[in-house]
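For reference, my_file_9.cif (mmCIF, C-alpha atoms):
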```cif
data_final
loop_
_atom_site.label_atom_id
_atom_site.label_comp_id
_atom_site.auth_asym_id
_atom_site.auth_seq_id
_atom_site.Cartn_x
_atom_site.Cartn_y
_atom_site.Cartn_z
CA MET A 240 0.00 0.00 0.00
CA SER A 241 1.44 3.35 -1.06
CA PRO A 242 1.77 6.28 1.39
CA GLY A 243 -0.99 8.11 -0.48
CA GLN A 244 -3.30 5.13 -0.25
CA THR A 245 -2.51 4.66 3.43
CA GLY A 246 -3.22 8.31 4.20
CA ALA A 247 -6.49 8.21 2.29
CA ARG A 248 -7.56 5.06 4.10
CA LEU A 249 -6.77 6.57 7.49
CA ARG A 250 -8.80 9.65 6.57
CA LEU A 251 -11.77 7.49 5.60
CA ASP A 252 -11.53 5.43 8.79
CA ALA A 253 -11.48 8.65 10.83
CA ALA A 254 -14.50 9.99 8.93
CA LEU A 255 -16.46 6.80 9.57
CA ASP A 256 -15.56 6.87 13.26
CA HIS A 257 -16.66 10.50 13.45
CA LEU A 258 -20.05 9.65 11.96
CA SER A 259 -20.55 7.10 14.71
CA VAL A 260 -19.84 9.76 17.32
CA ILE A 261 -21.90 12.56 15.78
CA PHE A 262 -24.95 10.41 15.07
CA ALA A 263 -24.89 8.30 18.23
CA GLY A 264 -28.31 8.03 19.85
CA MET A 265 -30.25 9.06 16.74
CA THR A 266 -33.66 7.51 16.08
CA ALA A 267 -36.50 7.81 13.62
CA ARG A 268 -39.49 9.83 14.78
CA PRO A 269 -41.83 8.02 17.20
CA ASP A 270 -44.66 8.37 14.69
CA GLU A 271 -42.58 7.32 11.66
CA TYR A 272 -44.42 4.95 9.37
CA ASN A 273 -43.89 3.04 6.13
CA CYS A 274 -46.06 0.67 4.14
CA GLU A 275 -45.82 -2.82 5.61
CA CYS A 276 -46.43 -4.48 2.24
CA HIS A 277 -43.26 -3.14 0.60
CA TRP A 278 -40.95 -2.04 3.40
CA GLY A 279 -41.41 -4.11 6.57
CA GLY A 280 -43.45 -4.84 9.63
CA PRO A 281 -43.84 -3.09 12.99
CA GLU A 282 -41.00 -5.06 14.58
CA GLU A 283 -38.60 -3.74 11.95
CA LEU A 284 -39.97 -0.23 12.26
CA ALA A 285 -39.37 -0.42 16.00
CA GLN A 286 -35.66 -0.97 15.29
CA LEU A 287 -35.49 2.45 13.63
CA ARG A 288 -36.87 3.96 16.83
CA THR A 289 -34.14 2.23 18.84
CA PRO A 290 -30.75 3.97 18.78
CA ASP A 291 -27.33 2.49 18.06
CA THR A 292 -28.35 -1.05 17.08
CA GLU A 293 -27.15 -2.73 13.90
CA LEU A 294 -29.77 -3.44 11.27
CA GLU A 295 -29.76 -6.68 9.32
CA PRO A 296 -28.26 -5.94 5.86
CA ASP A 297 -31.50 -6.44 3.95
CA LEU A 298 -33.38 -4.16 6.36
CA LEU A 299 -30.65 -1.54 6.00
CA ARG A 300 -30.98 -1.70 2.21
CA ARG A 301 -34.77 -1.43 2.30
CA THR A 302 -34.48 1.54 4.63
CA TRP A 303 -32.08 3.65 2.58
CA GLN A 304 -33.83 2.75 -0.67
CA ALA A 305 -37.25 3.86 0.58
CA THR A 306 -38.19 7.35 -0.58
CA ASP A 307 -41.47 7.84 1.29
CA TRP A 308 -40.49 8.34 4.92
CA THR A 309 -42.37 10.96 6.89
CA ASP A 310 -39.05 12.40 8.03
CA HIS A 311 -36.34 11.09 5.73
CA GLY A 312 -33.69 13.16 7.49
CA ALA A 313 -34.34 11.53 10.86
CA VAL A 314 -34.29 8.05 9.32
CA LEU A 315 -31.04 8.82 7.51
CA ARG A 316 -29.41 10.10 10.72
CA ARG A 317 -30.50 6.88 12.46
CA ILE A 318 -28.84 4.59 9.89
CA LEU A 319 -26.01 6.83 8.72
CA PRO A 320 -23.02 5.31 10.58
CA GLN A 321 -23.93 1.80 9.42
CA PHE A 322 -25.00 2.96 5.95
CA ALA A 323 -21.71 4.80 5.39
CA ARG A 324 -19.64 1.81 6.51
CA ALA A 325 -21.64 -0.45 4.22
CA LEU A 326 -21.05 1.86 1.28
CA ALA A 327 -17.32 2.19 1.92
CA GLY A 328 -17.00 -1.53 2.63
CA GLY A 329 -18.34 -2.57 -0.72
CA LEU A 330 -22.11 -2.33 -0.59
CA ASP A 331 -23.10 -2.63 -4.23
CA PRO A 332 -26.45 -0.93 -4.71
CA ALA A 333 -28.27 -2.09 -7.79
CA TRP A 334 -28.56 1.58 -8.71
CA PRO A 335 -25.78 3.70 -7.19
CA SER A 336 -27.80 6.84 -7.80
CA ASP A 337 -30.37 5.56 -5.29
CA ALA A 338 -27.74 5.51 -2.54
CA GLY A 339 -26.80 9.11 -3.31
CA ARG A 340 -30.44 10.08 -3.55
CA SER A 341 -31.00 8.82 -0.02
CA PHE A 342 -28.52 11.43 1.20
CA ALA A 343 -30.17 14.11 -0.92
CA LEU A 344 -33.66 13.27 0.34
CA GLY A 345 -32.37 13.68 3.89
CA ARG A 346 -31.34 17.28 3.08
CA TRP A 347 -28.13 16.71 5.02
CA GLN A 348 -26.61 19.99 3.85
CA GLU A 349 -29.29 21.81 5.89
CA TRP A 350 -28.45 19.94 9.11
CA PRO A 351 -26.54 21.58 11.98
CA ASP A 352 -22.92 22.35 11.10
CA ALA A 353 -21.39 19.45 13.02
CA GLN A 354 -23.70 16.92 11.38
CA ALA A 355 -23.43 18.33 7.87
CA GLY A 356 -19.67 18.61 8.25
CA ALA A 357 -19.37 14.97 9.26
CA VAL A 358 -21.35 13.84 6.21
CA ARG A 359 -19.35 16.09 3.91
CA GLU A 360 -16.05 14.76 5.25
CA PHE A 361 -17.21 11.16 4.79
CA LEU A 362 -18.16 11.76 1.16
CA HIS A 363 -14.85 13.50 0.43
CA ALA A 364 -12.80 10.92 2.32
CA TRP A 365 -14.53 8.04 0.53
CA TRP A 366 -13.95 9.68 -2.86
CA ALA A 367 -10.28 10.38 -2.11
CA CYS A 368 -9.74 6.83 -0.83
CA THR A 369 -11.38 5.38 -3.95
CA LEU A 370 -9.19 7.40 -6.29
CA ALA A 371 -6.05 6.40 -4.38
CA ASP A 372 -6.84 2.68 -4.43
CA PRO A 373 -5.74 0.71 -7.52
CA ARG A 374 -8.55 -1.79 -6.90
CA PRO A 375 -11.29 -0.05 -4.91
CA VAL A 376 -14.08 -2.21 -3.58
CA VAL A 377 -16.62 0.04 -5.28
CA PRO A 378 -15.76 1.17 -8.83
CA VAL A 379 -14.85 4.82 -9.29
CA HIS A 380 -17.77 5.51 -11.62
CA ASP A 381 -20.22 4.17 -9.02
CA VAL A 382 -18.69 6.23 -6.19
CA LEU A 383 -18.79 9.34 -8.40
CA THR A 384 -22.47 8.68 -9.03
CA VAL A 385 -23.21 8.36 -5.31
CA VAL A 386 -21.32 11.47 -4.20
CA THR A 387 -22.68 13.55 -7.08
CA GLU A 388 -26.27 12.59 -6.29
CA ALA A 389 -25.66 13.11 -2.58
CA SER A 390 -24.38 16.65 -3.12
CA ALA A 391 -26.34 17.63 -6.26
CA THR A 392 -23.09 18.72 -7.92
CA ILE A 393 -20.21 17.07 -9.73
CA GLY A 394 -17.70 19.94 -9.81
CA PRO A 395 -16.00 19.41 -6.42
CA TRP A 396 -15.43 15.72 -7.13
CA LEU A 397 -13.92 16.38 -10.54
CA ALA A 398 -11.74 19.11 -8.99
CA VAL A 399 -10.26 16.55 -6.59
CA TRP A 400 -9.61 14.12 -9.45
CA GLU A 401 -7.91 16.92 -11.40
CA THR A 402 -5.26 17.23 -8.70
CA LEU A 403 -4.46 13.48 -8.75
CA THR A 404 -2.49 12.35 -11.78
CA GLY A 405 -0.55 9.23 -12.66
CA PHE A 406 -1.21 5.82 -11.15
CA PRO A 407 -3.89 4.88 -10.14
CA ALA A 408 -5.99 7.98 -10.83
CA ASP A 409 -5.38 7.93 -14.59
CA GLY A 410 -6.25 4.24 -14.76
CA HIS A 411 -9.54 5.00 -13.04
CA LEU A 412 -10.15 7.76 -15.60
CA ALA A 413 -9.63 5.31 -18.46
CA GLY A 414 -12.05 2.91 -16.79
CA LEU A 415 -14.71 5.58 -16.32
CA VAL A 416 -14.45 6.71 -19.95
CA ALA A 417 -14.72 3.12 -21.17
CA GLU A 418 -17.78 2.59 -18.95
CA TRP A 419 -19.61 5.80 -19.77
CA GLU A 420 -18.48 7.01 -23.19
CA TRP A 421 -21.43 5.61 -25.15
CA GLU A 422 -24.07 7.32 -23.00
CA LEU A 423 -22.15 10.58 -23.10
CA ILE A 424 -21.70 10.34 -26.89
CA GLY A 425 -25.49 10.14 -27.03
CA ASP A 426 -25.75 13.28 -24.85
CA GLN A 427 -27.12 11.29 -21.93
CA LEU A 428 -25.97 11.21 -18.35
CA PRO A 429 -24.95 7.60 -17.54
CA TRP A 430 -27.38 7.47 -14.62
CA HIS A 431 -30.83 8.82 -13.78
CA ALA A 432 -30.15 11.95 -11.79
CA TRP A 433 -32.52 13.26 -9.15
CA ASP A 434 -31.94 16.86 -10.24
CA HIS A 435 -29.71 19.02 -12.47
CA GLU A 436 -29.21 16.16 -14.94
CA GLU A 437 -28.38 18.32 -17.95
CA GLU A 438 -26.01 20.58 -16.01
CA ILE A 439 -24.16 17.61 -14.50
CA ARG A 440 -23.84 15.90 -17.89
CA ASP A 441 -22.52 19.07 -19.54
CA GLU A 442 -19.99 19.68 -16.78
CA LEU A 443 -18.77 16.09 -16.84
CA THR A 444 -18.46 16.08 -20.62
CA ALA A 445 -16.59 19.38 -20.71
CA TRP A 446 -14.21 18.20 -17.99
CA LEU A 447 -13.44 14.97 -19.84
CA VAL A 448 -12.82 16.79 -23.12
CA ARG A 449 -10.47 19.19 -21.36
CA HIS A 450 -8.56 16.84 -19.07
CA ALA A 451 -8.88 13.25 -20.26
CA PRO A 452 -6.95 13.16 -23.57
CA ALA A 453 -3.46 13.90 -22.22
CA ARG A 454 -3.97 11.70 -19.18
CA LEU A 455 -5.30 8.80 -21.22
CA ARG A 456 -2.42 9.03 -23.68
CA ALA A 457 0.05 8.94 -20.82
CA HIS A 458 -1.79 5.92 -19.47
CA GLY A 459 -1.53 4.14 -22.82
CA ALA A 460 -5.24 4.12 -23.59
CA PRO A 461 -6.19 2.81 -27.05
CA GLU A 462 -6.74 5.27 -29.89
CA GLU A 463 -10.37 4.19 -30.11
CA LEU A 464 -11.01 5.53 -26.61
CA LEU A 465 -9.15 8.75 -27.36
CA ASN A 466 -11.25 9.18 -30.48
CA ARG A 467 -14.45 8.87 -28.45
CA ILE A 468 -13.27 11.66 -26.14
CA ARG A 469 -12.48 13.80 -29.19
CA LEU A 470 -15.99 13.20 -30.51
CA LEU A 471 -17.42 14.37 -27.18
CA GLY A 472 -15.93 17.78 -27.96
CA LEU A 473 -18.02 18.07 -31.12
CA ALA A 474 -21.61 19.23 -31.05
CA GLY A 475 -24.69 18.24 -33.02
CA ALA A 476 -24.24 17.14 -36.63
CA ASP A 477 -20.48 17.75 -36.45
CA ARG A 478 -20.21 14.72 -34.19
CA TRP A 479 -22.34 12.38 -36.28
CA GLU A 480 -20.75 13.47 -39.59
CA ASP A 481 -17.17 13.36 -38.33
CA PRO A 482 -14.97 10.86 -40.26
CA GLY A 483 -14.06 9.31 -36.90
CA TRP A 484 -17.69 8.46 -36.06
CA ASP A 485 -18.19 4.71 -36.28
CA GLY A 486 -21.87 4.53 -35.34
CA ARG A 487 -21.33 1.69 -32.90
CA PRO A 488 -23.08 -0.22 -31.50
CA CYS A 489 -26.04 0.78 -33.64
CA ASP A 490 -26.94 1.91 -37.14
CA PRO A 491 -25.53 5.26 -38.35
CA PRO A 492 -27.21 8.11 -36.43
CA ASP A 493 -30.11 10.09 -37.73
CA ARG A 494 -29.03 13.65 -38.49
CA GLU A 495 -31.80 15.12 -36.38
CA THR A 496 -31.75 12.82 -33.37
CA GLY A 497 -28.16 11.57 -33.07
CA PRO A 498 -27.30 7.91 -32.50
CA GLY A 499 -30.06 5.35 -32.25
CA ARG A 500 -30.27 3.32 -29.04
#
```

Target format structure tokens, applied to this file:
Amino acid sequence: MSPGQTGARLRLDAALDHLSVIFAGMTARPDEYNCECHWGGPEELAQLRTPDTELEPDLLRRTWQATDWTDHGAVLRRILPQFARALAGGLDPAWPSDAGRSFALGRWQEWPDAQAGAVREFLHAWWACTLADPRPVVPVHDVLTVVTEASATIGPWLAVWETLTGFPADGHLAGLVAEWEWELIGDQLPWHAWDHEEEIRDELTAWLVRHAPARLRAHGAPEELLNRIRLLGLAGADRWEDPGWDGRPCDPPDRETGPGR
């Protein structure tokens, strides 16, 4: 483990420990309710009204995935220390945006300074630790989805990535481009955003066009991937009519609508 990776891991561990301190004793509201047919029964609901007890993994998942709590913020504060550790430890949500959306629905940025600061530090520490790890337990593109949805912005996360060059950060960049380039070529965000979808997509695309080519070349990325980044810098018909457009994995795009899907 490199010094940078060790430092990032220690920062994440400290952030997780701090969440446990800040949110100790938190419970859902006494009158909190959720539909028994799709969430759980009264015995499980009672666990959310009991502080500092571990939830069974499936109950934890059902709790953070639910979007219809009476007081989502209180429920999030109740599960946050365990939820954050599950995320950082490799929890693989079927839809990473849902995990970030759970933070957003809790309106954590409006919480008291100590609470909001603890959440912010966890998100930043998790992101930094992921970028520093050659083989993170959660892929970089999934972590970026979570933290972007949690904060309703992508700029701060890209700014951190911009400061980290070489191994392993550039390898992660190549992986993200390979994972997301087709959606972005089609002018779509690679996940369903809760809010600001167009702005996030435009900012991500512009950042990749500006920063990815040199880093990917230094990493030894194939020319095909570099060409896809170049195409991202072209707008409208210029992209579809460019000699480098290959139309994959579909028929050649319609001039009015772009690539078929």

Residue contacts of Arg346 in chain A (10 Å, all atoms listed in the file) excluding same-chain residues fewer than 4 positions away, as a ChimeraX atom specification: /A:311-312,315,340-342,350,355,389-390

Suppose a student applies the PyMOL selection byres ((chain A and resi 369) around 9) to this structure; what residues should they get, written as a short mmCIF file (atom, residue, chain, number, x, y, z; two decimals) with C-alpha atoms, in the coordinates of the input?
```cif
data_model
loop_
_atom_site.label_atom_id
_atom_site.label_comp_id
_atom_site.auth_asym_id
_atom_site.auth_seq_id
_atom_site.Cartn_x
_atom_site.Cartn_y
_atom_site.Cartn_z
CA GLN A 244 -3.30 5.13 -0.25
CA ALA A 247 -6.49 8.21 2.29
CA ARG A 248 -7.56 5.06 4.10
CA ALA A 327 -17.32 2.19 1.92
CA ALA A 364 -12.80 10.92 2.32
CA TRP A 365 -14.53 8.04 0.53
CA TRP A 366 -13.95 9.68 -2.86
CA ALA A 367 -10.28 10.38 -2.11
CA CYS A 368 -9.74 6.83 -0.83
CA LEU A 370 -9.19 7.40 -6.29
CA ALA A 371 -6.05 6.40 -4.38
CA ASP A 372 -6.84 2.68 -4.43
CA PRO A 373 -5.74 0.71 -7.52
CA ARG A 374 -8.55 -1.79 -6.90
CA PRO A 375 -11.29 -0.05 -4.91
CA VAL A 376 -14.08 -2.21 -3.58
CA VAL A 377 -16.62 0.04 -5.28
CA PRO A 378 -15.76 1.17 -8.83
CA VAL A 379 -14.85 4.82 -9.29
CA VAL A 382 -18.69 6.23 -6.19
#
```

Expansion of the PyMOL selection byres ((chain A and resi 344) around 12) into residues, as a ChimeraX atom specification: /A:303-316,336-343,345-349,388-391,433-434

Shell around His450 in chain A at 10 Å using all atoms listed in the file, local window under 3 positions removed, as a list in words: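 In the requested form, the answer reads Glu401, Leu412, Ala445, Trp446, Leu447, Ala453, Arg454, Leu455 and Ile468 of chain A.
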
Within 10 Å of file point (-20.0, 11.7, 15.4), counting only C-alpha atoms, expressed as a PyMOL selection string: chain A and resi 254-263+320+353-354+356-358

Those same residues, written as a compact mmCIF listing (two decimals), in the frame of the given file with C-alpha atoms?
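The result, written out as part-v8.txt:
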```
# COMPACT_ATOMS: atom_id res chain seq x y z
CA ALA A 254 -14.50 9.99 8.93
CA LEU A 255 -16.46 6.80 9.57
CA ASP A 256 -15.56 6.87 13.26
CA HIS A 257 -16.66 10.50 13.45
CA LEU A 258 -20.05 9.65 11.96
CA SER A 259 -20.55 7.10 14.71
CA VAL A 260 -19.84 9.76 17.32
CA ILE A 261 -21.90 12.56 15.78
CA PHE A 262 -24.95 10.41 15.07
CA ALA A 263 -24.89 8.30 18.23
CA PRO A 320 -23.02 5.31 10.58
CA ALA A 353 -21.39 19.45 13.02
CA GLN A 354 -23.70 16.92 11.38
CA GLY A 356 -19.67 18.61 8.25
CA ALA A 357 -19.37 14.97 9.26
CA VAL A 358 -21.35 13.84 6.21
```

Which residue of A:Thr392, A:Asn273, A:Thr289, A:Thr444 approaches Arg317 in chain A most closely, using all atoms listed in the file: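 Looking at the shortest contact to Arg317 in chain A, the residue is A:Thr289.
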
Nearest to Gly279 in chain A by atom-to-atom distance, counting only C-alpha atoms, from A:Thr302, A:Asn466, A:Gln321, A:Ser241: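 Nearest candidate to Gly279 in chain A out of A:Thr302, A:Asn466, A:Gln321, A:Ser241: A:Thr302.
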
All residues 12 Å or closer to Leu298 in chain A, only C-alpha atoms, same chain fewer than 6 positions away omitted, as a PyMOL selection string: chain A and resi 277-280+282-287+304-305+318+321-322

Export of prior selection with C-alpha atoms as a short mmCIF file (atom, residue, chain, number, x, y, z; two decimals), in the coordinates of the input:
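Saved as again-v1.cif:
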```cif
data_model
loop_
_atom_site.label_atom_id
_atom_site.label_comp_id
_atom_site.auth_asym_id
_atom_site.auth_seq_id
_atom_site.Cartn_x
_atom_site.Cartn_y
_atom_site.Cartn_z
CA HIS A 277 -43.26 -3.14 0.60
CA TRP A 278 -40.95 -2.04 3.40
CA GLY A 279 -41.41 -4.11 6.57
CA GLY A 280 -43.45 -4.84 9.63
CA GLU A 282 -41.00 -5.06 14.58
CA GLU A 283 -38.60 -3.74 11.95
CA LEU A 284 -39.97 -0.23 12.26
CA ALA A 285 -39.37 -0.42 16.00
CA GLN A 286 -35.66 -0.97 15.29
CA LEU A 287 -35.49 2.45 13.63
CA GLN A 304 -33.83 2.75 -0.67
CA ALA A 305 -37.25 3.86 0.58
CA ILE A 318 -28.84 4.59 9.89
CA GLN A 321 -23.93 1.80 9.42
CA PHE A 322 -25.00 2.96 5.95
#
```

Result set, the PyMOL selection byres ((chain A and resi 463) around 12) on current file, as a ChimeraX atom specification: /A:413,416-417,420,452,455-456,459-462,464-470,483-485,487

CA of His458 in chain A to CA of Trp400 in chain A, distance in Å rounded to a single decimal: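 Straight-line distance from CA of His458 in chain A to CA of Trp400 in chain A works out to 15.1 Å.
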
Pairwise distance for CA of Trp430 in chain A and CA of Pro335 in chain A, rounded to one decimal in Å: 8.5 Å

Distance criterion (all atoms listed in the file): nearest to Leu428 in chain A out of A:Asp331, A:Asp441, A:Glu360, A:Asp270: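 Checking each of A:Asp331, A:Asp441, A:Glu360, A:Asp270 against Leu428 in chain A, counting all atoms listed in the file, the winner is A:Asp441.
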
Residue nearest Glu442 in chain A among A:Leu403, A:Ala398, A:Pro351, A:Gly264 (counting only C-alpha atoms): A:Ala398

Atom-to-atom span, CA of Glu438 in chain A and CA of Leu473 in chain A, Å: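 Between CA of Glu438 in chain A and CA of Leu473 in chain A the gap is 17.3 Å.
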
Which of A:Gly246, A:Asp409, A:Glu295, A:Trp334 sits closest to His431 in chain A [using all atoms listed in the file]: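 Closest to His431 in chain A of all the choices is A:Trp334.
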
Among the residues A:Leu362, A:Ala333, A:Leu299, A:Ile393, the one that comes closest to Leu251 in chain A [using all atoms listed in the file]: A:Leu362
